[in-house]
Each structure stands twice: as structure tokens, then as C-alpha cells.
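Trainee: Sending over a structure as C-alpha cells; questions will come in a sec.
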Amino acid sequence: MKNKTAGGNDILYREDLDDVRARMTAWWHGEDIGRPVMTITCPAEKPLETIPFMPPPAGWLTDMSTGNFDYRVYLSRITPGTRQYFGEALPVVQPVLAPGDLALYLGCRGKEMPGTVWCQSCIDDPETAVFHYDPDNFYLQFALRLCREQVRLAQGKFMVGFPVFEAGLDTLAAMRGGGRLLTDLYDRPEWVHRSLRAITDLYFRYYDIFYDMIRDESGGVPAWICAPGRADVFQCDFSAMIGPEMFGEFMVPVLTEMCERVPYNMYHWDGANAVRHHDHLLSVPGLVLLQAGPGGEGDQGYPTDHPRWWPLIHKTLDAGKRAFIGCCSIENFVALQREFGKRLHRCVIDIHTLQTAGEAARLLDIARA
């Protein structure tokens with residue numbers, strides 16, 4: 001069963017979904033929609049459907065847990081209704097089991113912790129490491145089962161997205177351990193290259209499985225924002241620990257291939273220490289959308305829409321890329337608008353701090369001005 005909620009019909013939690021999809025298709029294809037793409041949410045005023053309450057299981061630590069399938073299904077049902085969606089924001093649930101699901105499918109075990117799941121390394125001896133598709137892998141089977149149920153429940157109500165596929169160095173770091181991989185980059189670079197080749201091939205094998213489950217009739221999927229074809233969010237948090245030369249050698253070829261094969265893409269640029277790789281990211285021909293804020297509010301004290309990052313956003317736009325900007329307030333958006341003018345129309349503005357539908361409507365009016 002494909003995710004028919006992603007196209008063709010409006011849905012309970014996004015009654016104007018067809019209009020959203022039309023705007024996003026135009027934007028991805030280079031058209032000006034009269035404002036930036038705006039992914040705005042605020043708390044829901046009242047539930048649109050009644051779902052019987054289910055208490056968390058005893059010892060529940062994280063909503064990415066595999067400890068109770070029924071409770072994960074319950075979370076999938078209630079999560080879309082906790083927010084209201086404006087602009088191009090989407091009600092999406094995902095069969096996520098960790099910050100890097102691919103590593104779990106390839107042999108890591110998940111250690112559940114408060115709010116997250118830590119992927120425990122599984123490669124002790126690089127020379128005997130095996131990268132292969134295992135159809136019986138526990139985590140893959142759990143994710144597939146959950147995704148099928150999410151797609152079933154989503155019909156006419158919400159949308160279903162991908163697991164979090166952290167391909168490239170992030171997946172290899174999870175499997176090998178970050179410290180040991182840093183050593184491997186110097187001691188056995190050819191093994192790292194071979195491993196990245198295998199991981200990239202497996203990424204696409206798993207991607208295609210889930211893509212066929214969640215795509216709409218036209219091939220579109222939600223990946224942070226709605227896209228009219230194959231889409232995903234790429235990243236490399238491990239890049240914060242290496243210099244530009246190594247990033248260029250090991251990660252740029254991976255990103256280049258992934259962007260060629262997944263044309264509607266975004267790179268999640270995470271952490272101030274990753275700023276050093278900006279030029280390499282801009283050099284990837286098929287990379288479309290760069291998350292311009294390289295860090296959160298706790299990162300050197302600068303929120304992602306702070307003027308500290310504006311030169312990087314300008315440079316991104318000058319290179320022909322598009323920028324995804326996390327925004328903290330209406331006032332900060334007005335400052336961005338003053339700085340970038342119509343160039344901001346090539347950006348995605350992501351804001352989830354508003355409290356009412358009235359604030360969301362005001363922000364959209366300002367964005368159209």
C-alpha cells in the first residue's frame with residue numbers, strides 16, 4: 001500500500017494539501033511563489049479527532065523505542081494532531097528508531113536513553129567487517145512493520161516520511177565508533193573508502209524499499225518539506241571532527257552521488273565546527289538546499305537566524321543553492337526580510353515558536369509583503 005495521503009487529496013490535518021504540493025513543486029522547479037517557503041506550526045487549539053489515551057509503558061525512555069509496538073502506533077496517531085500547520089508545514093510521522101536508522105539495519109544495537117537511542121558500535125576488526133543487506137534484521141523488520149501501520153493509519157489524515165538515513169561517515173562512525181574511525185582515516189583510508197562505497201549502495205537499497213511504501217502516485221514524498229519526487233535530508237555530523245581536506249576526500253564523493261540519485265535534497269548542516277566545510281558543500285553540483293543555520297541556540301550562543309550566519313546564507317545563495325533557515329520569532333523574520341529582500345524567496349523559513357493561529361496568519365501576511 002502506498003502513502004496516498006501524500007498526493008491527490010486534501011487531508012484532515014492539512015485541508016489545503018493539494019495547494020501546498022502545487023506551491024512546493026513550483027518552488028523546487030525554480031519559480032517564485034511570492035514569498036519564502038514557510039513551515040510554520042503552533043499548538044493545536046483542540047483535537048480534530050478523538051483518540052483514546054494510552055499511558056506510556058513502564059520504563060519508557062524515548063519515543064524512538066522498539067520496546068512496545070502498540071505504543072509506537074499510538075504515538076503515530078496522536079502526534080499529527082498536537083500542532084496546527086501553516087504555510088508549507090506538513091503533518092508527518094516517521095518510522096524512526098534512532099538518530100541514524102541505517103546503522104541499526106547494518107548491525108548496530110540500539111541503547112535506549114532518555115529522549116534518544118545510541119547506536120552501539122559493531123565493528124571491532126575492520127578486516128572482518130561485513131556490510132550486507134539483512135532482510136531479517138530486527139530493527140528493519142520493526143521499522144517496516146511500523147511504516148506499514150503508519151501508512152494505513154495516515155489515509156486521509158496525515159503523511160508518512162522516511163526513517164533517518166545517516167549515510168556516509170555518520171553511519172560508518174556509528175558502526176565503528178567515532179574515535180576509532182578518526183584513526184582509520186589515517187591508518188586505513190582505502191578500507192574507509194570501500195566501506196563508504198558499500199554503505200552508499202545499501203543506503204539506496206533501503207531507501208528504495210521505504211520510498212515505494214510512502215511515495216504518492218506522482219512519486220512525491222515529504223522530507224522536512226514536500227517534494228515532487230525522490231527526496232531526502234543528508235548530513236554528516238562526523239564532519240565536525242575532521243578538516244576540509246578529509247571531508248573533500250571521503251564525504252564529497254558520497255554526497256555527490258547521493259544528490260545525483262535523489263534530486264530533491266537538503267543537507268542538514270549541524271554545528272558551528274562544520275562551517276569549515278561550506279565551500280565543499282557549495283561545490284556539490286546536485287546539492288539543492290543547505291540548512292543555513294549551522295547550529296542551535298546553544299551553539300556559541302547564536303540562534304540559527306542570527307546575523308552571525310547571514311554572510312554564510314548570502315554565500316549559499318550566491319552559489320546558486322537554496323537555504324533552510326530556522327527562525328525564532330516574527331521579529332527575527334522581519335530582520336531576515338530586511339537583509340535579504342526577494343532573495344529570501346529562495347529560502348525555507350522554519351518556525352515553531354508561535355503560539356496561535358493568529359500569529360501564524362500575521363507572519364504569512366508579512367512574508368507576502
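Note on naming: chains are A, B, ... as they come in the C-alpha cells, residues start from 1 per chain, ligands start from 1 in the order shown.
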When you look at region 47-54 of chain A with a cut-off of 8 Å (counting only C-alpha atoms), what residues show up, excluding the ones that are within fewer than 5 positions of it in the same chain? I need them as a PyMOL selection string.
Mentor: chain A and resi 12-13+71+74+77-78+81-82
Trainee: Just to be explicit: take each residue in the selection above, keep N, CA and C atoms, and write the result as a CSV table (one decimal), in the first residue's frame.
Mentor:
```csv
chain,number,residue,atom,x,y,z
A,12,LEU,N,-7.1,15.5,6.7
A,12,LEU,CA,-7.7,16.0,7.9
A,12,LEU,C,-6.8,17.1,8.5
A,13,TYR,N,-5.5,16.9,8.7
A,13,TYR,CA,-4.6,17.8,9.3
A,13,TYR,C,-4.0,18.8,8.4
A,71,TYR,N,2.5,1.1,21.5
A,71,TYR,CA,2.6,2.5,21.9
A,71,TYR,C,3.2,3.3,20.8
A,74,TYR,N,0.4,4.2,18.7
A,74,TYR,CA,-0.4,5.2,19.4
A,74,TYR,C,0.2,6.6,19.2
A,77,ARG,N,-0.5,8.0,15.9
A,77,ARG,CA,-1.8,8.5,15.7
A,77,ARG,C,-2.0,9.9,16.3
A,78,ILE,N,-1.4,10.1,17.5
A,78,ILE,CA,-1.7,11.4,18.2
A,78,ILE,C,-0.8,12.5,17.8
A,81,GLY,N,-1.9,15.5,15.5
A,81,GLY,CA,-2.9,16.4,16.0
A,81,GLY,C,-2.5,17.3,17.1
A,82,THR,N,-1.2,17.3,17.5
A,82,THR,CA,-0.8,18.2,18.6
A,82,THR,C,-0.4,19.6,18.1
```
Trainee: So that I can check the secondary structure, give me every residue of region 20-73 of chain A assigned alpha helix (DSSP H) by backbone DSSP, as number ranges by chain.
Mentor: A: 20-28, 69-73
Trainee: Which residues are close to Leu97 (chain A), i.e. within 8 Å by only C-alpha atoms, leaving aside same-chain residues fewer than 6 positions away? Reply as number ranges by chain.
Mentor: A: 64-66, 117, 139, 143, 163
Trainee: Find, counting only C-alpha atoms, the residue in A:Glu88, A:Asp32, A:Glu260, A:Glu217 that gets nearest to Ile349 (chain A).
Mentor: A:Glu88
Trainee: Considering only C-alpha atoms, return as number ranges by chain whatever protein or nucleic-acid residues lie within 8 Å of Val233 (chain A), sequence-local ones (same chain, fewer than 5 positions apart) excluded.
Mentor: A: 223-224, 265-268
Trainee: Which of these, A:Ser195, A:Thr256, A:His278, A:Arg261, has the shortest distance to Glu127 (chain A) once you count only C-alpha atoms?
Mentor: A:Ser195
Trainee: Between CA of Cys347 (chain A) and CA of Asp279 (chain A), what is the spacing in Å?
Mentor: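 Going from CA of Asp279 (chain A) over to CA of Cys347 (chain A) covers 18.8 Å.
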Trainee: Name the residues in contact with Ile199 (chain A) at a cut-off of 8 Å, using only C-alpha atoms, excluding same-chain residues fewer than 6 positions from it; report them as a list in words.
Mentor: Phe131, Ala167, Gly168, Thr171 and Leu172 of chain A
Trainee: Can you write out the residues you just picked, keeping N, CA and C atoms, as a short mmCIF file (atom, residue, chain, number, x, y, z; two decimals), in the first residue's frame?
Mentor:
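selection-v7.cif, written as the output of this step:
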```cif
data_model
loop_
_atom_site.label_atom_id
_atom_site.label_comp_id
_atom_site.auth_asym_id
_atom_site.auth_seq_id
_atom_site.Cartn_x
_atom_site.Cartn_y
_atom_site.Cartn_z
N PHE A 131 29.42 -5.64 5.29
CA PHE A 131 28.31 -4.73 5.04
C PHE A 131 27.35 -5.45 4.09
N ALA A 167 23.66 8.33 5.96
CA ALA A 167 24.62 7.57 5.17
C ALA A 167 26.01 8.17 5.30
N GLY A 168 26.99 7.54 4.63
CA GLY A 168 28.34 8.06 4.62
C GLY A 168 29.06 7.91 5.96
N THR A 171 27.13 6.97 9.39
CA THR A 171 26.79 5.56 9.60
C THR A 171 28.03 4.75 9.92
N LEU A 172 29.13 5.00 9.19
CA LEU A 172 30.36 4.27 9.48
C LEU A 172 30.88 4.59 10.88
#
```
Trainee: So which residues touch Gln235 (chain A) within 12 Å, counting only C-alpha atoms, skipping near sequence neighbours fewer than 4 positions away, as a ChimeraX atom specification?
Mentor: /A:99-100,164-171,239-240,251-252,254-255,258-259,265-271,274,277,281,287,289-291,294
Trainee: Enter the distance from CA of Phe142 (chain A) to CA of Ala227 (chain A), in Å, rounded to one decimal.
Mentor: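 Those two atoms sit 26.1 Å apart.
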Trainee: One decimal, Å: what's the distance from CA of Pro263 (chain A) over to CA of Arg230 (chain A), could you say?
Mentor: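 Computed distance, CA of Pro263 (chain A) to CA of Arg230 (chain A), equals 6.4 Å.
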Trainee: Can you pull out the residues contacting region 354-357 of chain A? Cut-off 10 Å, using only C-alpha atoms, and skip same-chain residues under 5 positions away; I want them as a list in words.
Mentor: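 Selected residues are Ile40, Thr41, Cys42, Pro43, Ala44, Glu45, Arg83, Gln84, Tyr85, Phe86, Cys328, Ser329, Ile330, Arg362 and Leu363 of chain A.
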Trainee: Go through A:Pro57, A:Gly110, A:Gly320, A:Gly161 and flag the residue nearest Tyr207 (chain A), using only C-alpha atoms for the distances.
Mentor: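 Of A:Pro57, A:Gly110, A:Gly320, A:Gly161, the one nearest Tyr207 (chain A), counting only C-alpha atoms, is A:Gly161.
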